[in-house]
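For reference, run-v7.txt is printed below; it contains compact mmCIF, C-alpha atoms and all ligand atoms.
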# COMPACT_ATOMS: atom_id res chain seq x y z
CA MET A 22 -24.49 -8.52 76.00
CA VAL A 23 -24.34 -8.29 79.78
CA THR A 24 -28.02 -7.70 80.46
CA GLN A 25 -29.24 -10.25 78.03
CA ALA A 26 -32.46 -12.11 77.90
CA LYS A 27 -33.64 -13.01 81.36
CA ALA A 28 -37.24 -12.17 80.59
CA PRO A 29 -37.35 -13.86 77.16
CA LYS A 30 -35.80 -16.98 78.62
CA LYS A 31 -38.56 -17.21 81.22
CA LYS A 32 -41.14 -16.67 78.50
CA GLU A 33 -39.63 -19.45 76.42
CA SER A 34 -39.84 -21.90 79.29
CA LYS A 35 -43.55 -21.26 79.76
CA PHE A 36 -44.02 -21.83 76.06
CA LYS A 37 -42.05 -25.04 76.37
CA LYS A 38 -44.22 -26.10 79.30
CA LEU A 39 -47.31 -25.55 77.14
CA PHE A 40 -45.69 -27.61 74.39
CA ILE A 41 -44.90 -30.44 76.81
CA ASP A 42 -48.44 -30.39 78.23
CA GLU A 43 -49.85 -30.64 74.74
CA ILE A 44 -47.50 -33.50 73.90
CA LYS A 45 -48.76 -35.34 76.99
CA ASP A 46 -52.35 -34.69 75.86
CA ILE A 47 -51.87 -36.05 72.34
CA TYR A 48 -49.87 -38.98 73.74
CA TRP A 49 -52.88 -39.97 75.86
CA ALA A 50 -55.14 -39.44 72.83
CA GLU A 51 -53.06 -41.66 70.54
CA LYS A 52 -52.84 -44.43 73.13
CA HIS A 53 -56.59 -44.23 73.64
CA LEU A 54 -57.07 -44.58 69.89
CA VAL A 55 -54.92 -47.70 69.76
CA LYS A 56 -57.49 -49.26 72.08
CA ALA A 57 -60.55 -47.83 70.31
CA LEU A 58 -59.76 -48.39 66.62
CA PRO A 59 -60.12 -52.19 66.64
CA LYS A 60 -63.74 -51.79 67.80
CA MET A 61 -64.40 -49.42 64.90
CA SER A 62 -62.77 -51.77 62.41
CA LYS A 63 -64.74 -54.73 63.72
CA GLY A 64 -67.96 -52.73 63.58
CA ALA A 65 -67.48 -51.62 59.98
CA THR A 66 -69.53 -53.23 57.22
CA SER A 67 -67.34 -52.40 54.24
CA SER A 68 -64.06 -54.27 54.05
CA LYS A 69 -62.48 -51.17 52.51
CA LEU A 70 -63.40 -49.13 55.58
CA SER A 71 -62.25 -51.84 57.91
CA ASP A 72 -58.92 -52.08 56.02
CA ALA A 73 -58.49 -48.30 56.15
CA ILE A 74 -59.04 -48.34 59.92
CA ASP A 75 -56.64 -51.26 60.37
CA GLN A 76 -53.99 -49.43 58.39
CA HIS A 77 -54.51 -46.34 60.51
CA LEU A 78 -54.25 -48.44 63.65
CA GLU A 79 -50.74 -49.46 62.59
CA GLU A 80 -49.90 -45.82 61.85
CA THR A 81 -51.33 -44.80 65.22
CA LYS A 82 -48.95 -47.21 66.98
CA THR A 83 -46.14 -45.42 65.15
CA HIS A 84 -47.58 -42.07 66.27
CA VAL A 85 -47.32 -43.29 69.86
CA SER A 86 -43.67 -44.26 69.41
CA ARG A 87 -42.83 -41.00 67.63
CA LEU A 88 -44.22 -39.13 70.62
CA GLU A 89 -42.04 -41.28 72.87
CA GLU A 90 -39.09 -40.15 70.76
CA VAL A 91 -40.18 -36.54 71.23
CA PHE A 92 -40.25 -37.07 75.00
CA GLY A 93 -36.73 -38.44 74.68
CA ILE A 94 -35.59 -35.37 72.75
CA LEU A 95 -37.01 -33.23 75.55
CA GLY A 96 -35.14 -35.32 78.11
CA LEU A 97 -38.41 -36.57 79.61
CA LYS A 98 -40.01 -39.90 80.29
CA PRO A 99 -43.23 -40.42 78.30
CA GLN A 100 -46.19 -39.31 80.32
CA ALA A 101 -49.84 -39.26 79.30
CA LYS A 102 -52.31 -36.65 80.46
CA LYS A 103 -55.97 -37.45 79.95
CA CYS A 104 -57.32 -35.77 76.86
CA ASP A 105 -61.00 -35.08 77.54
CA ALA A 106 -61.59 -34.15 73.91
CA MET A 107 -60.37 -37.50 72.57
CA ALA A 108 -62.22 -39.37 75.34
CA GLY A 109 -65.40 -37.61 74.17
CA LEU A 110 -64.77 -38.22 70.47
CA VAL A 111 -64.22 -41.92 71.09
CA LYS A 112 -67.39 -42.06 73.21
CA GLU A 113 -69.31 -40.52 70.33
CA ALA A 114 -67.87 -43.08 67.95
CA GLU A 115 -68.92 -45.87 70.29
CA SER A 116 -72.45 -44.53 70.52
CA ILE A 117 -72.66 -44.52 66.73
CA LEU A 118 -71.93 -48.25 66.84
CA GLU A 119 -74.75 -48.65 69.37
CA ASP A 120 -77.21 -46.48 67.47
CA THR A 121 -76.76 -47.96 64.00
CA ASP A 122 -77.53 -51.45 62.71
CA ALA A 123 -74.71 -53.86 62.01
CA ASP A 124 -74.01 -54.72 58.36
CA THR A 125 -75.34 -51.43 57.03
CA MET A 126 -73.63 -48.65 55.12
CA VAL A 127 -75.37 -46.15 57.39
CA ARG A 128 -73.22 -47.51 60.18
CA ASP A 129 -70.13 -47.07 57.99
CA ALA A 130 -71.12 -43.50 57.14
CA GLY A 131 -71.41 -42.96 60.91
CA ILE A 132 -68.02 -44.52 61.60
CA ILE A 133 -66.51 -42.25 58.96
CA ILE A 134 -67.97 -39.06 60.39
CA ALA A 135 -66.77 -40.04 63.86
CA SER A 136 -63.30 -40.94 62.54
CA GLN A 137 -62.99 -37.69 60.63
CA LYS A 138 -63.78 -35.75 63.81
CA VAL A 139 -60.91 -37.62 65.44
CA GLU A 140 -58.56 -36.92 62.53
CA HIS A 141 -59.40 -33.23 62.54
CA TYR A 142 -58.68 -33.01 66.25
CA GLU A 143 -55.31 -34.63 65.62
CA ILE A 144 -54.56 -32.45 62.60
CA ALA A 145 -55.26 -29.34 64.71
CA SER A 146 -53.04 -30.64 67.51
CA TYR A 147 -50.10 -31.74 65.38
CA GLY A 148 -50.31 -28.64 63.19
CA SER A 149 -49.76 -26.43 66.22
CA LEU A 150 -47.21 -28.76 67.78
CA VAL A 151 -45.07 -28.69 64.62
CA ALA A 152 -45.21 -24.90 64.65
CA PHE A 153 -44.30 -24.79 68.38
CA ALA A 154 -41.38 -27.18 67.89
CA LYS A 155 -40.05 -25.17 64.96
CA LYS A 156 -40.35 -21.95 66.95
CA MET A 157 -38.29 -23.47 69.75
CA GLY A 158 -35.67 -24.77 67.35
CA LEU A 159 -36.54 -28.40 68.09
CA LYS A 160 -35.93 -29.50 64.51
CA GLU A 161 -35.95 -33.24 65.09
CA ALA A 162 -39.15 -33.09 67.11
CA ALA A 163 -40.75 -30.90 64.44
CA SER A 164 -39.83 -33.40 61.77
CA LEU A 165 -41.25 -36.36 63.74
CA LEU A 166 -44.46 -34.50 64.48
CA SER A 167 -44.90 -33.41 60.90
CA LYS A 168 -44.57 -36.98 59.66
CA THR A 169 -47.51 -37.85 61.87
CA LEU A 170 -49.39 -34.74 60.75
CA ASP A 171 -49.04 -35.87 57.12
CA GLU A 172 -50.38 -39.32 57.95
CA GLU A 173 -53.39 -37.87 59.78
CA LYS A 174 -54.13 -35.67 56.77
CA ALA A 175 -53.81 -38.59 54.37
CA THR A 176 -56.15 -40.68 56.53
CA ASP A 177 -58.70 -37.89 56.56
CA LYS A 178 -58.51 -37.56 52.78
CA GLY A 179 -58.85 -41.30 52.31
CA LEU A 180 -61.97 -41.35 54.49
CA THR A 181 -63.52 -38.51 52.50
CA LYS A 182 -62.83 -40.40 49.29
CA LEU A 183 -64.33 -43.62 50.64
CA ALA A 184 -67.44 -41.80 51.86
CA THR A 185 -68.09 -39.74 48.75
CA SER A 186 -67.14 -42.39 46.19
CA GLU A 187 -69.32 -45.17 47.55
CA ILE A 188 -70.39 -45.42 51.17
CA ASN A 189 -72.64 -42.35 51.34
CA GLU A 190 -74.40 -43.39 48.16
CA GLU A 191 -75.10 -46.87 49.48
CA ALA A 192 -76.17 -45.42 52.82
CA ALA A 193 -78.61 -43.10 51.05
CA ALA A 194 -80.01 -45.93 48.96
CA ALA A 195 -80.65 -48.22 51.92
FE FE A 201 -52.44 -40.30 65.13

Translate the structure of the given file into structure tokens.
Ligand SMILES: [Fe+2]
Amino acid sequence: MVTQAKAPKKKESKFKKLFIDEIKDIYWAEKHLVKALPKMSKGATSSKLSDAIDQHLEETKTHVSRLEEVFGILGLKPQAKKCDAMAGLVKEAESILEDTDADTMVRDAGIIIASQKVEHYEIASYGSLVAFAKKMGLKEAASLLSKTLDEEKATDKGLTKLATSEINEEAAAA
């Protein structure tokens, strides 16, 4: 009892610092997406794809505010730290818009592959963040983060369905 836990406590705080850094990273990423998604939606040919992106834009705004809640739980002000990975993924998505012709399903197939790369990055991030939060006993944060994780997964699934049920076929036929 007397000699308890100095070392583990220190260890936990480094883990918490890693968690906070990663929260700042995904916060930057989500805010960057809020700016980028309208361009993708506008560039899409299929109204179904454009609707799916618009719906995810609304969800993404919620993801930003959930992260702000997580900052609050941690007793911190929201702070974004540039996420080079998301900056790169969005750049790739933008170059797909430049490299494909408007009003074609090939462009839509390109938007989908770029969007799924984004979703997978987010799924990887939130998956680990939920696990970190649970490990630290931050139940409320874990529950907020897992709501977002579920929405990212659903978006990814929806994009796969859209691609394989119609867009890829039309892209191949063009
Ligand atoms: Fe998100």

Show which residues sit within 9 Å of Leu165 of chain A, as a CSV table (one decimal) with C-alpha atoms, in the coordinates of the input. Count all atoms listed in the file, and ignore same-chain residues fewer than 3 positions away.
chain,number,residue,atom,x,y,z
A,84,HIS,CA,-47.6,-42.1,66.3
A,87,ARG,CA,-42.8,-41.0,67.6
A,88,LEU,CA,-44.2,-39.1,70.6
A,90,GLU,CA,-39.1,-40.2,70.8
A,91,VAL,CA,-40.2,-36.5,71.2
A,151,VAL,CA,-45.1,-28.7,64.6
A,160,LYS,CA,-35.9,-29.5,64.5
A,161,GLU,CA,-36.0,-33.2,65.1
A,162,ALA,CA,-39.2,-33.1,67.1
A,168,LYS,CA,-44.6,-37.0,59.7
A,169,THR,CA,-47.5,-37.8,61.9
A,170,LEU,CA,-49.4,-34.7,60.8

Dump the neighbourhood of ligand FE 201 (chain A) as a PyMOL selection string: all residues within 8 Å, distances computed on all atoms listed in the file. chain A and resi 51+54+77+80-82+84-85+140+143+169-170+172-173

Work out how far apart atom CA of Val139 of chain A and atom CA of Ala195 of chain A are and give it in Å to one decimal. 26.2 Å

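Within 10 Å of segment 157-159 of chain A, once only C-alpha atoms are used and residues closer than 5 positions along the same chain are dropped, the contacting residues are Glu33, Ser34, Phe36, Lys37, Phe40, Val91, Ile94, Leu95, Val151, Ala152 and Ser164 of chain A.
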
Using only C-alpha atoms, which protein or nucleic acid residues come within 12 Å of Val55 of chain A? Drop anything in the same chain fewer than 3 positions from it, and give the result as a list in words.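 What passes the distance filter is Tyr48, Trp49, Ala50, Glu51, Lys52, Leu58, Pro59, Lys60, Met61, Ser62, Ile74, Asp75, Gln76, His77, Leu78, Glu79, Glu80, Thr81, Lys82, Thr83, His84, Val85, Ser86, Met107 and Val111 of chain A.
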
Within 9 Å of (-68.9, -47.5, 49.9) in the file's own coordinates, which protein, DNA or RNA residues have an atom, counting only C-alpha atoms? List them as a tab-separated table (two decimals) with C-alpha atoms, in the frame of the given file.
chain	number	residue	atom	x	y	z
A	67	SER	CA	-67.34	-52.40	54.24
A	69	LYS	CA	-62.48	-51.17	52.51
A	70	LEU	CA	-63.40	-49.13	55.58
A	126	MET	CA	-73.63	-48.65	55.12
A	129	ASP	CA	-70.13	-47.07	57.99
A	130	ALA	CA	-71.12	-43.50	57.14
A	183	LEU	CA	-64.33	-43.62	50.64
A	184	ALA	CA	-67.44	-41.80	51.86
A	185	THR	CA	-68.09	-39.74	48.75
A	186	SER	CA	-67.14	-42.39	46.19
A	187	GLU	CA	-69.32	-45.17	47.55
A	188	ILE	CA	-70.39	-45.42	51.17
A	189	ASN	CA	-72.64	-42.35	51.34
A	190	GLU	CA	-74.40	-43.39	48.16
A	191	GLU	CA	-75.10	-46.87	49.48
A	192	ALA	CA	-76.17	-45.42	52.82

How many Å separate atom CA of Gln137 of chain A from atom CA of Ser71 of chain A?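 Computing it gives 14.4 Å between the two atoms.
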
For atom CA of Leu110 of chain A and atom CA of Ala194 of chain A, quote the distance in Å rounded to one decimal.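 Atom CA of Ala194 of chain A lies 27.5 Å from atom CA of Leu110 of chain A.
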
Name all residues at most 8 Å from Pro99 of chain A (count only C-alpha atoms; drop same-chain ones fewer than 3 positions away) and give them as a PyMOL selection string. chain A and resi 45+88-89+92-93

Using all atoms listed in the file, which of the listed residues (A:Ala108, A:Leu166, A:Ala175, A:Ala135) sits closest to Ala154 of chain A? A:Leu166

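Across A:Ile134, A:Ile44, A:Leu150, A:Ala163, the tightest approach to Leu97 of chain A is made by A:Ile44 when counting only C-alpha atoms.
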
Go ahead and find all residues with at least one atom no further than 9 Å from (-70.0, -41.9, 66.3) in the file's coordinates, using all atoms listed in the file; report them as a PyMOL selection string. chain A and resi 110-120+128+131-136

Output as a short mmCIF file (atom, residue, chain, number, x, y, z; two decimals), in the frame of the given file: segment 137-148 of chain A, completed with all heavy atoms.
data_model
loop_
_atom_site.label_atom_id
_atom_site.label_comp_id
_atom_site.auth_asym_id
_atom_site.auth_seq_id
_atom_site.Cartn_x
_atom_site.Cartn_y
_atom_site.Cartn_z
N GLN A 137 -63.50 -38.96 61.17
CA GLN A 137 -62.99 -37.69 60.63
C GLN A 137 -62.93 -36.62 61.71
O GLN A 137 -62.05 -35.77 61.70
CB GLN A 137 -63.81 -37.25 59.42
CG GLN A 137 -63.49 -38.17 58.23
CD GLN A 137 -63.96 -37.61 56.91
OE1 GLN A 137 -65.16 -37.57 56.65
NE2 GLN A 137 -63.04 -37.17 56.09
N LYS A 138 -63.87 -36.69 62.68
CA LYS A 138 -63.78 -35.75 63.81
C LYS A 138 -62.48 -36.00 64.58
O LYS A 138 -61.79 -35.08 65.00
CB LYS A 138 -64.99 -35.89 64.73
CG LYS A 138 -66.27 -35.34 64.14
CD LYS A 138 -67.44 -35.54 65.10
CE LYS A 138 -68.75 -35.18 64.44
NZ LYS A 138 -69.90 -35.35 65.37
N VAL A 139 -62.16 -37.26 64.76
CA VAL A 139 -60.91 -37.62 65.44
C VAL A 139 -59.71 -37.10 64.66
O VAL A 139 -58.80 -36.47 65.22
CB VAL A 139 -60.81 -39.16 65.62
CG1 VAL A 139 -59.41 -39.59 66.01
CG2 VAL A 139 -61.84 -39.65 66.64
N GLU A 140 -59.70 -37.35 63.35
CA GLU A 140 -58.56 -36.92 62.53
C GLU A 140 -58.40 -35.40 62.57
O GLU A 140 -57.29 -34.90 62.65
CB GLU A 140 -58.71 -37.40 61.08
CG GLU A 140 -58.57 -38.90 60.89
CD GLU A 140 -57.37 -39.47 61.63
OE1 GLU A 140 -56.26 -38.93 61.50
OE2 GLU A 140 -57.55 -40.45 62.39
N HIS A 141 -59.51 -34.69 62.53
CA HIS A 141 -59.40 -33.23 62.54
C HIS A 141 -58.87 -32.70 63.87
O HIS A 141 -58.12 -31.73 63.90
CB HIS A 141 -60.75 -32.59 62.17
CG HIS A 141 -60.98 -32.60 60.69
ND1 HIS A 141 -61.06 -31.45 59.95
CD2 HIS A 141 -61.08 -33.64 59.82
CE1 HIS A 141 -61.22 -31.79 58.67
NE2 HIS A 141 -61.23 -33.10 58.57
N TYR A 142 -59.25 -33.39 64.95
CA TYR A 142 -58.68 -33.01 66.25
C TYR A 142 -57.16 -33.20 66.22
O TYR A 142 -56.39 -32.36 66.67
CB TYR A 142 -59.31 -33.85 67.38
CG TYR A 142 -58.71 -33.52 68.72
CD1 TYR A 142 -59.16 -32.41 69.44
CD2 TYR A 142 -57.67 -34.28 69.26
CE1 TYR A 142 -58.59 -32.07 70.66
CE2 TYR A 142 -57.10 -33.95 70.47
CZ TYR A 142 -57.56 -32.85 71.17
OH TYR A 142 -56.98 -32.52 72.37
N GLU A 143 -56.75 -34.33 65.66
CA GLU A 143 -55.31 -34.63 65.62
C GLU A 143 -54.57 -33.67 64.68
O GLU A 143 -53.46 -33.24 64.99
CB GLU A 143 -55.10 -36.08 65.17
CG GLU A 143 -55.59 -37.07 66.20
CD GLU A 143 -55.16 -38.47 65.84
OE1 GLU A 143 -55.66 -39.00 64.82
OE2 GLU A 143 -54.33 -39.04 66.55
N ILE A 144 -55.19 -33.37 63.55
CA ILE A 144 -54.56 -32.45 62.60
C ILE A 144 -54.36 -31.08 63.27
O ILE A 144 -53.29 -30.46 63.16
CB ILE A 144 -55.39 -32.33 61.30
CG1 ILE A 144 -55.30 -33.65 60.50
CG2 ILE A 144 -54.94 -31.16 60.44
CD1 ILE A 144 -56.34 -33.80 59.38
N ALA A 145 -55.38 -30.63 63.99
CA ALA A 145 -55.26 -29.34 64.71
C ALA A 145 -54.12 -29.41 65.73
O ALA A 145 -53.31 -28.49 65.84
CB ALA A 145 -56.58 -29.01 65.40
N SER A 146 -54.06 -30.52 66.47
CA SER A 146 -53.04 -30.64 67.51
C SER A 146 -51.64 -30.69 66.91
O SER A 146 -50.76 -29.92 67.31
CB SER A 146 -53.26 -31.93 68.32
OG SER A 146 -54.54 -31.92 68.89
N TYR A 147 -51.45 -31.59 65.95
CA TYR A 147 -50.10 -31.74 65.38
C TYR A 147 -49.68 -30.50 64.59
O TYR A 147 -48.50 -30.15 64.58
CB TYR A 147 -50.02 -33.00 64.50
CG TYR A 147 -49.88 -34.26 65.30
CD1 TYR A 147 -50.93 -35.16 65.42
CD2 TYR A 147 -48.69 -34.55 65.98
CE1 TYR A 147 -50.82 -36.32 66.17
CE2 TYR A 147 -48.56 -35.71 66.74
CZ TYR A 147 -49.63 -36.59 66.82
OH TYR A 147 -49.49 -37.73 67.57
N GLY A 148 -50.64 -29.85 63.93
CA GLY A 148 -50.31 -28.64 63.19
C GLY A 148 -49.68 -27.60 64.11
O GLY A 148 -48.63 -27.03 63.82
#
